[in-house]
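K.L.:
Pasting in a structure now, in structure tokens, and then I'll have a few things to ask.
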Amino acid sequence: MARYMPDRPELWGGVECTVNRAGDVYRDQLALTGHDRRLDDLKRIRDLGIRTVRYPILWERTSRTGGDDWSWNDQRLLELRDLGIEPIVGLVHHGSGPPWTSLLDDSFISGLTDYAGRVVERYPWLRRFTIVNEPLTTARFSALYGLWYPHARSDRAFVRALLVQCLATRAAMAAIRERVTDAELIQTEDISRTTADRSAAAQAEFYQERRWLSFDLLMGYVTPDHALWPYLTAAGADEGLLDSLVQRPCPPSIIGLNYYVTSDRHLLETVDDFPVERRHFAGGAWFVDVEAVRTESGLAGHGEHLEAAWQRYRTPLAITEVHLDASGNDQARWLVEAWESATRAIARGIPVRAVTAWALFGSVDWNSLLTQSTGYYERGAFDVGSDLIRPRALCRVIRDLATKGATEDVVSGGAGWWQGPSAGKPRATKPPARIAICGGGTLARAFAKACQARGLEYRLLTRREVDAADRGDVSRMFDDVRPWAVINAAGYVQVDLAERETDRCWRDNASAPAILAEESAARGARLVTFSSDLVFDGQQSAPYIETDAVGPLSVYGGSKAAAEAAVTARLSSALIVRTAAFFGPDDAANFLVHALRQARRGERWRAARDLVVSPTYVPDLAEATLELLFDDAAGLWHLTSLTPITWADFAREAMRRFDLDPHLVRDCAAADMGLIARRPPFSALRSERGALMPSLESALDRFAQQVDSRLLVTS
């Protein structure tokens, strides 16, 4: 009888749960993302349509202090059962066990086996397990590269660590099956393809074989005829242990492939352009190991890896981690690409059981492979970077795939950055979202750059092309461009001159956004428009949040407050972004460029010591706004670089980054600056809805690196 095979995979979910050790310090992703404190996260997973989740019941968390503390596990597993979600239970995730053991110690095998037995004794309904996540990858990082505990750096230690994890997996599954006879092993591993320039071809061939080693060991494939038998035995592998895995293998029920944009590698033979620490000598050649996606080799892609794994093992497969540290558009595209690759593989007869939306609540510091504690947060389907849990556009895509098997969501349209010509892959056929950007200034140009970088279709429309305060112009723009969204980056910006040109200021800043809102509502389009910190009166000493009452002191501030009210009344889905004190890398007119240019001439720069603002780096503003736009955010949002600072101190901070004397900044009272319009003495902003913007320190560092040097040339 033919075995039933569905025409599409399941959509699984996953929570980044690494608990690893560096020196004597353990770092816990569940704590860093706050998931360990939020039981209602499980309902969030259920509401995405996910019915199977890779979930941690980790040895390091349960048994770190000697005895077992099951309280957290009890609560989560019972909640998952009540919600109808089946867990694939992970016991070790890039870890090395409690403090008393390590990957090089036999006690890891016996200790993990005992722990697995206690898990199923306590939770006898569990059926699916990942005993050790990515044993090959963990062995590389811990025992070959020395990044994680026990920080060894040799082939002998690497082979030992890999064997210990595989032997522990076999022993733990045996202990589990004594009680749960039908228990399944879902074995995961990071999978990659390695290509090379000619001189490094032998080393690439070695890496190509090594990538399968954890699966080969568990499947019982590593006999004296195996391509890596000489390497393993030369590195100290006991032939008796290798033979025991052949005689008593532990074949997975499902082979899980974890595949990232950075997984595929290319070995470059031209090493002179790289620092010495990046150069390697092996296989008779010097080479540098780089990400294949950034070379002409490009990515192999999910489909090629699924095919290769099926041909090698003839065992059901799953893609067990899909995650990308990128914009929301590229995160959605990467997930959809994995899903469509799995669906095509099923059509070719390959049993791909699932695709896993990984890191649903994000991850912390994986950009440094967990070697630095900088708090770098990668957003998942939910943004948990602030106290509020914010669903993102990726949630919509996951829900579509889980419940309908396909998605047409606008966030996934267009091609991802990895799908350029060098990747050798066809461009995505689904058209990207078309965005109309009204304006020709700094902000409009920043949005054009951001859209281009995201692979979004856009039209940059200057005032000559579209006068947003002219209803006829706006109507014709909608007919011509047919945008999914309109970004109003135009407007009147002369705060002091507005006191004399009141009518013009109100026309451009209040009437134009109202017209755009009305036309957007009629056409079913999204709208983004911008407001200012100058809607506030500056009488409080803490940063203003979105719900604080406005009280503008100037014509300009009044026009922006009026625009907020008019747009809100006409289009409830509109996104209204309050921001402040722009500075950007290609804007000749901004405050910092003027200050730096004058300081380079050795002249002093006058700046207010009694006006506190929260400056905004324009590229960051464009990126954060696009994220909110695709996430269906609506209403008022405050987007600035967070740090309250006086104009004088702002100038000094910039000068320090350009090795200029900060004493060239001359502190002045605002009253002595010759300003016409009244400014609020304190107008710093923060958001109660979420923290999307990088710090001011980071923004200034990047400004110093990215600024167009021609802007700073003194005459």
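Ligands are numbered from 1 in the order shown, residues from 1 within each chain, and chains are lettered A, B, ... in the order they appear in the structure tokens.
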Hey, what's within 10 Å of segment 116-123 of chain A if we count only C-alpha atoms and toss same-chain stuff fewer than 4 positions away? As a PyMOL selection string, please?
P.N.:
chain A and resi 57-59+68+70+73-74+77-78+89+91+110-112+127+129+131+168-169+171-180
K.L.:
Going by DSSP on the backbone, which bits of segment 77-248 of chain A are helix (DSSP H, G or I)? Write them as a PyMOL selection string, please.
P.N.:
chain A and resi 77-83+106-122+135-144+155-179+198-210+213-219+229-234+239-247
K.L.:
Which of segment 67-245 of chain A counts as strand (DSSP E) under DSSP, as number ranges by chain please?
P.N.:
A: 86-93, 128-133, 184-190, 194-196
K.L.:
For the residues in the current selection, export N, CA, C and O atoms as a CSV table (one decimal), in the first residue's frame.
P.N.:
```csv
chain,number,residue,atom,x,y,z
A,86,GLU,N,1.8,20.3,20.1
A,86,GLU,CA,2.7,19.2,20.4
A,86,GLU,C,4.1,19.7,20.4
A,86,GLU,O,4.6,20.3,19.4
A,87,PRO,N,4.8,19.5,21.5
A,87,PRO,CA,6.2,19.9,21.6
A,87,PRO,C,7.2,18.9,21.0
A,87,PRO,O,7.0,17.7,21.2
A,88,ILE,N,8.2,19.3,20.3
A,88,ILE,CA,9.4,18.5,20.0
A,88,ILE,C,10.4,19.0,21.0
A,88,ILE,O,10.9,20.1,20.9
A,89,VAL,N,10.6,18.2,22.0
A,89,VAL,CA,11.4,18.6,23.2
A,89,VAL,C,12.9,18.6,23.0
A,89,VAL,O,13.4,17.5,22.6
A,90,GLY,N,13.5,19.7,23.2
A,90,GLY,CA,15.0,19.8,23.1
A,90,GLY,C,15.6,19.7,24.5
A,90,GLY,O,15.1,20.4,25.4
A,91,LEU,N,16.6,18.9,24.6
A,91,LEU,CA,17.3,18.7,25.9
A,91,LEU,C,18.6,19.5,26.1
A,91,LEU,O,18.9,19.9,27.2
A,92,VAL,N,19.3,19.6,25.0
A,92,VAL,CA,20.5,20.4,25.0
A,92,VAL,C,20.6,21.2,23.7
A,92,VAL,O,20.4,20.7,22.6
A,93,HIS,N,20.8,22.5,23.8
A,93,HIS,CA,20.8,23.4,22.6
A,93,HIS,C,22.0,24.2,22.6
A,93,HIS,O,22.1,25.3,23.3
A,128,ARG,N,8.2,13.3,20.9
A,128,ARG,CA,9.2,13.7,19.9
A,128,ARG,C,10.3,14.5,20.6
A,128,ARG,O,10.0,15.4,21.4
A,129,PHE,N,11.5,14.2,20.3
A,129,PHE,CA,12.7,14.7,21.0
A,129,PHE,C,13.8,15.1,20.0
A,129,PHE,O,14.0,14.5,19.0
A,130,THR,N,14.5,16.2,20.4
A,130,THR,CA,15.8,16.5,19.9
A,130,THR,C,16.7,16.5,21.1
A,130,THR,O,16.7,17.4,21.9
A,131,ILE,N,17.5,15.4,21.2
A,131,ILE,CA,18.3,15.3,22.4
A,131,ILE,C,19.4,16.4,22.4
A,131,ILE,O,19.5,17.1,23.4
A,132,VAL,N,20.1,16.5,21.3
A,132,VAL,CA,21.2,17.5,21.2
A,132,VAL,C,21.0,18.2,19.9
A,132,VAL,O,21.0,17.6,18.8
A,133,ASN,N,20.7,19.5,19.9
A,133,ASN,CA,20.6,20.3,18.7
A,133,ASN,C,22.0,20.5,18.1
A,133,ASN,O,22.9,20.9,18.8
A,184,GLU,N,10.1,9.4,19.0
A,184,GLU,CA,10.8,9.8,17.8
A,184,GLU,C,12.0,10.7,18.0
A,184,GLU,O,11.9,11.6,18.9
A,185,LEU,N,13.0,10.5,17.3
A,185,LEU,CA,14.2,11.4,17.3
A,185,LEU,C,14.1,12.3,16.1
A,185,LEU,O,14.1,11.8,15.0
A,186,ILE,N,14.0,13.6,16.3
A,186,ILE,CA,14.1,14.6,15.3
A,186,ILE,C,15.5,15.2,15.4
A,186,ILE,O,15.7,16.0,16.4
A,187,GLN,N,16.4,14.8,14.6
A,187,GLN,CA,17.8,15.2,14.7
A,187,GLN,C,18.1,16.4,13.8
A,187,GLN,O,17.9,16.3,12.6
A,188,THR,N,18.6,17.5,14.4
A,188,THR,CA,18.8,18.7,13.6
A,188,THR,C,20.3,18.9,13.4
A,188,THR,O,21.2,18.5,14.2
A,189,GLU,N,20.7,19.6,12.4
A,189,GLU,CA,22.0,20.0,12.1
A,189,GLU,C,22.1,21.2,11.1
A,189,GLU,O,21.2,21.2,10.2
A,190,ASP,N,23.0,22.1,11.3
A,190,ASP,CA,23.2,23.1,10.3
A,190,ASP,C,23.8,22.5,9.1
A,190,ASP,O,24.7,21.7,9.2
A,194,THR,N,30.0,23.8,0.6
A,194,THR,CA,31.2,24.5,0.5
A,194,THR,C,31.8,24.4,-1.0
A,194,THR,O,32.0,23.3,-1.5
A,195,THR,N,32.0,25.6,-1.6
A,195,THR,CA,32.7,25.6,-2.9
A,195,THR,C,34.1,26.3,-2.6
A,195,THR,O,34.4,26.8,-1.6
A,196,ALA,N,34.9,26.3,-3.7
A,196,ALA,CA,36.2,26.8,-3.5
A,196,ALA,C,36.9,27.2,-4.8
A,196,ALA,O,36.5,26.7,-5.9
```
K.L.:
Find the spatial neighbours of Ala354 of chain A, counting only C-alpha atoms, within a cut-off of 7 Å - ignore same-chain residues fewer than 6 positions away - and output them as a list in words.
P.N.:
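Everything that qualifies: Pro9, Glu10, Leu11, Trp12, Ala318 and Ile319 of chain A.
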K.L.:
Smallest atom-to-atom distance to Leu217 of chain A: which of A:Leu167, A:Ile346, A:Leu388, A:Leu104, using only C-alpha atoms?
P.N.:
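Checking each of A:Leu167, A:Ile346, A:Leu388, A:Leu104 against Leu217 of chain A, counting only C-alpha atoms, the winner is A:Leu167.
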K.L.:
Quick one: everything within 9 Å of Leu30 of chain A, counting only C-alpha atoms, minus sequence neighbours fewer than 5 positions away in the same chain. Send it as a list in words.
P.N.:
Val15, Glu16, Cys17, Thr18, Val19, His35, Asp36, Arg37 and Ser363 of chain A
K.L.:
Given the selection you just returned, output its residues as a file containing N, CA, C and O atoms, formatted as a PDB file, in the first residue's frame.
P.N.:
```
ATOM      1  N   VAL A  15      11.367  28.327  19.259  1.00  0.00           N
ATOM      2  CA  VAL A  15      11.799  29.382  20.163  1.00  0.00           C
ATOM      3  C   VAL A  15      13.306  29.272  20.327  1.00  0.00           C
ATOM      4  O   VAL A  15      13.810  28.219  20.732  1.00  0.00           O
ATOM      5  N   GLU A  16      14.042  30.326  19.975  1.00  0.00           N
ATOM      6  CA  GLU A  16      15.496  30.292  20.175  1.00  0.00           C
ATOM      7  C   GLU A  16      15.772  30.116  21.666  1.00  0.00           C
ATOM      8  O   GLU A  16      15.337  30.922  22.494  1.00  0.00           O
ATOM      9  N   CYS A  17      16.499  29.051  21.982  1.00  0.00           N
ATOM     10  CA  CYS A  17      16.579  28.636  23.388  1.00  0.00           C
ATOM     11  C   CYS A  17      17.987  28.260  23.824  1.00  0.00           C
ATOM     12  O   CYS A  17      18.162  27.582  24.845  1.00  0.00           O
ATOM     13  N   THR A  18      18.992  28.679  23.084  1.00  0.00           N
ATOM     14  CA  THR A  18      20.364  28.313  23.432  1.00  0.00           C
ATOM     15  C   THR A  18      20.689  28.694  24.876  1.00  0.00           C
ATOM     16  O   THR A  18      20.431  29.817  25.311  1.00  0.00           O
ATOM     17  N   VAL A  19      21.230  27.733  25.609  1.00  0.00           N
ATOM     18  CA  VAL A  19      21.877  28.008  26.890  1.00  0.00           C
ATOM     19  C   VAL A  19      23.295  27.470  26.749  1.00  0.00           C
ATOM     20  O   VAL A  19      23.513  26.268  26.787  1.00  0.00           O
ATOM     21  N   HIS A  35      11.239  35.301  27.078  1.00  0.00           N
ATOM     22  CA  HIS A  35      10.236  34.245  26.904  1.00  0.00           C
ATOM     23  C   HIS A  35      10.041  33.432  28.173  1.00  0.00           C
ATOM     24  O   HIS A  35       8.933  32.956  28.449  1.00  0.00           O
ATOM     25  N   ASP A  36      11.090  33.287  28.965  1.00  0.00           N
ATOM     26  CA  ASP A  36      10.954  32.481  30.178  1.00  0.00           C
ATOM     27  C   ASP A  36      10.032  33.130  31.207  1.00  0.00           C
ATOM     28  O   ASP A  36       9.607  32.478  32.158  1.00  0.00           O
ATOM     29  N   ARG A  37       9.690  34.409  30.999  1.00  0.00           N
ATOM     30  CA  ARG A  37       8.816  35.113  31.946  1.00  0.00           C
ATOM     31  C   ARG A  37       7.401  35.331  31.388  1.00  0.00           C
ATOM     32  O   ARG A  37       6.575  35.922  32.077  1.00  0.00           O
ATOM     33  N   SER A 363      16.223  36.680  18.917  1.00  0.00           N
ATOM     34  CA  SER A 363      17.419  36.150  19.571  1.00  0.00           C
ATOM     35  C   SER A 363      18.342  37.312  19.902  1.00  0.00           C
ATOM     36  O   SER A 363      18.189  38.420  19.386  1.00  0.00           O
TER      37      SER A 363
END
```
K.L.:
With only C-alpha atoms as the counted atoms, please give the residues lying no more than 10 Å from Phe650 of chain A, apart from itself and same-chain residues fewer than 2 positions off, as a PyMOL selection string.
P.N.:
chain A and resi 591-592+607-609+612-615+644-648+652-655+665+696+700
